[in-house]
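Here's the structure, in structure tokens; my notes come after.
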Amino acid sequence: MGSSARVVQSLDELTPFRARWDELAVESQRPFAAPAWAMAWWNNLRPDGAQLRVLVVEDGDRLAGVVPLYAAGRSLRPIGGGLAPVDPLSMAGSEERIAGEATRLLAELEPRPRTVELEVHGNGPDWVGMLSRVWGGGRGARQWVESEVPIPTVDLGEGFEDWMGKKSSSFRRDLRRNRRKLDDAGASFRFATEQTVERDVGEFLRLHRMRLGELGGTSLPSEGIEPMLLEVAGELLSGGRFRLLSLELDGETIASQLLLAAGREVSAWNSGFDEAHRSHSPSMQCLVYALNDASERGERTMSLGPGGQDYKYRLSNSEDCVRSSVIAPRGASYPLVRLRLAPRRARRALASRLSPEAKLRLRRLGRG
């Protein structure tokens, strides 16, 4: 059987592709590109008026590629945008062909999209470049990067002990001293189970908001995020791919870290901790515990999430990035598109140059 391509515009139509979409996420080692995460976002956090536009390419009965998008007016945007990068996926070696099929579908959409936005990992296929080159039967499209955020990453090499052995003696000493303090106080680590996950998600969000509230507030939405995370857990927890790690002391959760896994990759998403226990470095302890656990499961890479915080670089030995880009087909409307997007581009360019302290001051002024 030959290949075929279509635009999926409803959840019912998408259902037959979900299992094979998930296989692509595992093969590509993209935890947040899994349909469990993408569709939970869609079900709980999609913007008003959003319309599903998932591009799928099949080879016979095999899903060869998927580009998860939604329509917002005349723009196509990535599902999950701003929360975690939901990359396009493809069978290995088929990326150029999938990009060609995707642009053919885009050209046939009515109304024709003026822009396509993508959030992708820097160490993956150049989806923006491929889509731009083949758009319009080879006429090409304009593209530009709106933002690029570093993702510190840990390559475990031969395993946890191999990674730990390459860290500085002062790092190992501080880490073990703080772990002993926690052990002596009776603290313990545990992952969420089906019996505890509802409570654990609530505690995770409480700690996250409490911690980020002192720094100007979290970027997580105030509504919808809890049912979204519980929906993801409902699909991925039993298989060990949804990992919500809690650090408990005296019957209370003092730190929490959420991670997702696919293939040999595990990705940290977000965290929170009680400031009263800052001296024990609880977030660092959670990440190191998760790294050891990942190593025991046979995983070899952990993404520490977007953002260049110092504590991430104390752990990392490599770096990726998440890149937000816009593609605009050439045509009479292109100058208007650039003009319409200019204020947003200016805001993002300014934000990329501001220090965390300056961003915090601006948030506080905005709330004042």
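Simple scheme: letters A, B, ... for chains in structure tokens order, numbers from 1 for residues in each chain, numbers from 1 for ligands in the order shown.
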
- [ ] Run DSSP on the backbone and give me the residues of region 94-331 of chain A it puts in strand (DSSP E or B), as number ranges by chain.
- [x] A: 115-121, 141-155, 188-191, 242-249, 252-262, 265-273, 301-303, 318-329

Tell me which protein, DNA and RNA residues are within 12 Å of Ser90 (chain A), counting only C-alpha atoms, leaving out same-chain ones fewer than 6 positions away, and put them as a PDB file with N, CA and C atoms, in the first residue's frame.
```
ATOM      1  N   ARG A  20      -0.404   4.677  17.459  1.00  0.00           N
ATOM      2  CA  ARG A  20       0.766   4.760  16.577  1.00  0.00           C
ATOM      3  C   ARG A  20       1.497   6.093  16.747  1.00  0.00           C
ATOM      4  N   TRP A  21       0.763   7.140  17.055  1.00  0.00           N
ATOM      5  CA  TRP A  21       1.386   8.431  17.394  1.00  0.00           C
ATOM      6  C   TRP A  21       2.276   8.252  18.619  1.00  0.00           C
ATOM      7  N   ASP A  22       1.784   7.550  19.618  1.00  0.00           N
ATOM      8  CA  ASP A  22       2.577   7.326  20.823  1.00  0.00           C
ATOM      9  C   ASP A  22       3.839   6.514  20.509  1.00  0.00           C
ATOM     10  N   GLU A  23       3.732   5.545  19.616  1.00  0.00           N
ATOM     11  CA  GLU A  23       4.914   4.770  19.220  1.00  0.00           C
ATOM     12  C   GLU A  23       5.982   5.677  18.612  1.00  0.00           C
ATOM     13  N   LEU A  24       5.559   6.644  17.808  1.00  0.00           N
ATOM     14  CA  LEU A  24       6.517   7.583  17.228  1.00  0.00           C
ATOM     15  C   LEU A  24       7.187   8.423  18.311  1.00  0.00           C
ATOM     16  N   ALA A  25       6.414   8.850  19.318  1.00  0.00           N
ATOM     17  CA  ALA A  25       6.992   9.643  20.414  1.00  0.00           C
ATOM     18  C   ALA A  25       8.038   8.845  21.170  1.00  0.00           C
ATOM     19  N   VAL A  26       7.769   7.564  21.398  1.00  0.00           N
ATOM     20  CA  VAL A  26       8.725   6.707  22.101  1.00  0.00           C
ATOM     21  C   VAL A  26       9.965   6.482  21.242  1.00  0.00           C
ATOM     22  N   GLU A  27       9.755   6.179  19.961  1.00  0.00           N
ATOM     23  CA  GLU A  27      10.894   5.950  19.066  1.00  0.00           C
ATOM     24  C   GLU A  27      11.754   7.208  18.933  1.00  0.00           C
ATOM     25  N   SER A  28      11.107   8.377  18.934  1.00  0.00           N
ATOM     26  CA  SER A  28      11.829   9.644  18.789  1.00  0.00           C
ATOM     27  C   SER A  28      12.357  10.165  20.117  1.00  0.00           C
ATOM     28  N   GLN A  29      11.992   9.525  21.217  1.00  0.00           N
ATOM     29  CA  GLN A  29      12.403   9.928  22.560  1.00  0.00           C
ATOM     30  C   GLN A  29      11.998  11.374  22.853  1.00  0.00           C
ATOM     31  N   ARG A  30      10.702  11.642  22.618  1.00  0.00           N
ATOM     32  CA  ARG A  30      10.119  12.958  22.861  1.00  0.00           C
ATOM     33  C   ARG A  30       8.949  12.795  23.833  1.00  0.00           C
ATOM     34  N   ALA A  33       5.854  15.001  23.313  1.00  0.00           N
ATOM     35  CA  ALA A  33       5.201  14.869  22.007  1.00  0.00           C
ATOM     36  C   ALA A  33       4.218  13.711  21.990  1.00  0.00           C
ATOM     37  N   LEU A  55      -1.928  17.157  11.294  1.00  0.00           N
ATOM     38  CA  LEU A  55      -1.531  16.619  10.001  1.00  0.00           C
ATOM     39  C   LEU A  55      -0.951  15.226  10.209  1.00  0.00           C
ATOM     40  N   VAL A  56      -1.505  14.224   9.537  1.00  0.00           N
ATOM     41  CA  VAL A  56      -1.015  12.854   9.684  1.00  0.00           C
ATOM     42  C   VAL A  56      -0.667  12.280   8.309  1.00  0.00           C
ATOM     43  N   VAL A  57       0.428  11.523   8.272  1.00  0.00           N
ATOM     44  CA  VAL A  57       0.880  10.861   7.045  1.00  0.00           C
ATOM     45  C   VAL A  57       1.027   9.385   7.356  1.00  0.00           C
ATOM     46  N   GLU A  58       0.422   8.532   6.519  1.00  0.00           N
ATOM     47  CA  GLU A  58       0.469   7.086   6.724  1.00  0.00           C
ATOM     48  C   GLU A  58       1.230   6.397   5.597  1.00  0.00           C
ATOM     49  N   ASP A  59       1.932   5.341   5.947  1.00  0.00           N
ATOM     50  CA  ASP A  59       2.493   4.402   4.983  1.00  0.00           C
ATOM     51  C   ASP A  59       1.770   3.082   5.176  1.00  0.00           C
ATOM     52  N   ARG A  62       0.819   1.977   8.773  1.00  0.00           N
ATOM     53  CA  ARG A  62       1.770   2.548   9.729  1.00  0.00           C
ATOM     54  C   ARG A  62       1.701   4.064   9.676  1.00  0.00           C
ATOM     55  N   LEU A  63       1.636   4.679  10.839  1.00  0.00           N
ATOM     56  CA  LEU A  63       1.702   6.136  10.894  1.00  0.00           C
ATOM     57  C   LEU A  63       3.144   6.555  10.661  1.00  0.00           C
ATOM     58  N   ALA A  64       3.382   7.292   9.585  1.00  0.00           N
ATOM     59  CA  ALA A  64       4.745   7.678   9.227  1.00  0.00           C
ATOM     60  C   ALA A  64       5.136   9.025   9.816  1.00  0.00           C
ATOM     61  N   GLY A  65       4.152   9.890  10.068  1.00  0.00           N
ATOM     62  CA  GLY A  65       4.476  11.209  10.604  1.00  0.00           C
ATOM     63  C   GLY A  65       3.243  11.914  11.114  1.00  0.00           C
ATOM     64  N   VAL A  66       3.443  12.824  12.057  1.00  0.00           N
ATOM     65  CA  VAL A  66       2.336  13.617  12.611  1.00  0.00           C
ATOM     66  C   VAL A  66       2.855  15.002  12.955  1.00  0.00           C
ATOM     67  N   VAL A  67       2.060  16.018  12.598  1.00  0.00           N
ATOM     68  CA  VAL A  67       2.374  17.415  12.935  1.00  0.00           C
ATOM     69  C   VAL A  67       1.171  17.951  13.712  1.00  0.00           C
ATOM     70  N   PRO A  68       1.264  18.043  15.049  1.00  0.00           N
ATOM     71  CA  PRO A  68       0.099  18.396  15.871  1.00  0.00           C
ATOM     72  C   PRO A  68      -0.110  19.910  15.958  1.00  0.00           C
ATOM     73  N   GLU A  96      12.050  14.544   5.501  1.00  0.00           N
ATOM     74  CA  GLU A  96      11.836  15.406   4.328  1.00  0.00           C
ATOM     75  C   GLU A  96      10.528  15.059   3.622  1.00  0.00           C
ATOM     76  N   ARG A  97      10.239  13.787   3.525  1.00  0.00           N
ATOM     77  CA  ARG A  97       9.002  13.367   2.855  1.00  0.00           C
ATOM     78  C   ARG A  97       7.777  13.796   3.665  1.00  0.00           C
ATOM     79  N   ILE A  98       7.853  13.647   4.977  1.00  0.00           N
ATOM     80  CA  ILE A  98       6.730  14.057   5.824  1.00  0.00           C
ATOM     81  C   ILE A  98       6.518  15.561   5.724  1.00  0.00           C
ATOM     82  N   ALA A  99       7.618  16.330   5.701  1.00  0.00           N
ATOM     83  CA  ALA A  99       7.501  17.782   5.554  1.00  0.00           C
ATOM     84  C   ALA A  99       6.840  18.138   4.231  1.00  0.00           C
ATOM     85  N   GLU A 101       4.686  16.274   2.482  1.00  0.00           N
ATOM     86  CA  GLU A 101       3.261  15.947   2.572  1.00  0.00           C
ATOM     87  C   GLU A 101       2.533  16.968   3.430  1.00  0.00           C
ATOM     88  N   ALA A 102       3.179  17.414   4.516  1.00  0.00           N
ATOM     89  CA  ALA A 102       2.550  18.389   5.413  1.00  0.00           C
ATOM     90  C   ALA A 102       2.303  19.711   4.695  1.00  0.00           C
ATOM     91  N   GLY A 124      16.773  18.232  17.324  1.00  0.00           N
ATOM     92  CA  GLY A 124      15.981  17.336  16.490  1.00  0.00           C
ATOM     93  C   GLY A 124      15.998  17.749  15.032  1.00  0.00           C
ATOM     94  N   PRO A 125      15.158  17.130  14.211  1.00  0.00           N
ATOM     95  CA  PRO A 125      15.071  17.505  12.796  1.00  0.00           C
ATOM     96  C   PRO A 125      14.714  18.977  12.625  1.00  0.00           C
ATOM     97  N   ASP A 126      15.205  19.583  11.560  1.00  0.00           N
ATOM     98  CA  ASP A 126      14.939  20.994  11.275  1.00  0.00           C
ATOM     99  C   ASP A 126      13.584  21.114  10.581  1.00  0.00           C
ATOM    100  N   TRP A 127      12.511  20.935  11.363  1.00  0.00           N
ATOM    101  CA  TRP A 127      11.176  20.974  10.771  1.00  0.00           C
ATOM    102  C   TRP A 127      10.853  22.330  10.167  1.00  0.00           C
TER     103      TRP A 127
END
```

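Every protein, DNA or RNA residue with an atom at most 12 Å from Leu236 (chain A), where only C-alpha atoms count and chain neighbours fewer than 3 positions away do not, is listed here: A:Asp22, A:Pro31, A:Phe32, A:Ala34, A:Pro35, A:Ala36, A:Trp37, A:Ala40, A:Ala192, A:Thr193, A:Glu194, A:Val197, A:Leu229, A:Leu230, A:Glu231, A:Val232, A:Ala233, A:Gly239, A:Gly240, A:Arg241, A:Phe242, A:Arg243, A:Leu244, A:Leu259, A:Leu260, A:Ala261, A:Ala262.
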
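The shell of residues at most 7 Å from Pro152 (chain A), with only C-alpha atoms counted and near chain neighbours (fewer than 4 positions) removed, consists of Ser303, Leu304, Gly305, Gly308, Lys312, Tyr313, Ser316, Ser318, Glu319 and Asp320 of chain A.
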
Write the selection just made, keeping C-alpha atoms, as a PDB file, in the first residue's frame?
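Okay, this is what ended up in out_32.pdb:
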```
ATOM      1  CA  SER A 303      16.282  16.979  30.017  1.00  0.00           C
ATOM      2  CA  LEU A 304      16.142  19.429  32.916  1.00  0.00           C
ATOM      3  CA  GLY A 305      13.533  21.598  31.220  1.00  0.00           C
ATOM      4  CA  GLY A 308      19.172  28.415  32.159  1.00  0.00           C
ATOM      5  CA  LYS A 312      20.462  23.005  36.263  1.00  0.00           C
ATOM      6  CA  TYR A 313      23.964  23.728  35.001  1.00  0.00           C
ATOM      7  CA  SER A 316      24.049  19.106  33.293  1.00  0.00           C
ATOM      8  CA  SER A 318      25.196  18.981  27.655  1.00  0.00           C
ATOM      9  CA  GLU A 319      22.574  21.366  26.318  1.00  0.00           C
ATOM     10  CA  ASP A 320      19.608  21.426  23.986  1.00  0.00           C
TER      11      ASP A 320
END
```

Open item on the list: Please identify the alpha helix (DSSP H) residues within region 137-256 of chain A (assignment by DSSP from backbone atoms) and present them as a count of residues only.
Closed with: 52

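The residue that comes closest to Tyr70 (chain A), out of A:Asn123, A:Ala5, A:Gly140, A:Ser10 and on the basis of only C-alpha atoms, is A:Ser10.
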
Task: For CA of Ala255 (chain A) and CA of Phe204 (chain A), the interatomic separation in Å (one decimal) - done: 7.6 Å

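Computed from the coordinates, the CA of Tyr311 (chain A) to CA of Glu146 (chain A) distance equals 25.9 Å.
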
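Among the candidates A:Arg323, A:Arg173, A:Arg330, A:Arg264, the residue lying nearest to Glu299 (chain A) is A:Arg264 (atoms considered: only C-alpha atoms).
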
Closest contacts (region 187-237 of chain A/region 277-294 of chain A, max 10 Å, only C-alpha atoms) as a tab-separated table:
```
residue	atom	partner	partner_atom	distance
A:Phe189	CA	A:Cys286	CA	8.0
A:Arg190	CA	A:Tyr289	CA	9.8
A:Phe191	CA	A:Ala290	CA	9.6
```

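Proximity of A:Ser325, A:Thr15, A:Thr218, A:Ser147 to Leu131 (chain A), computed with only C-alpha atoms, is greatest for A:Ser325.
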
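You will find CA of Gly60 (chain A) at 20.1 Å from CA of Thr103 (chain A).
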
TODO: Mind checking which residues fall within 10 Å of Glu161 (chain A), counting only C-alpha atoms, ignoring those fewer than 5 positions away in the same chain, and posting them as a count of residues only?
DONE: 4
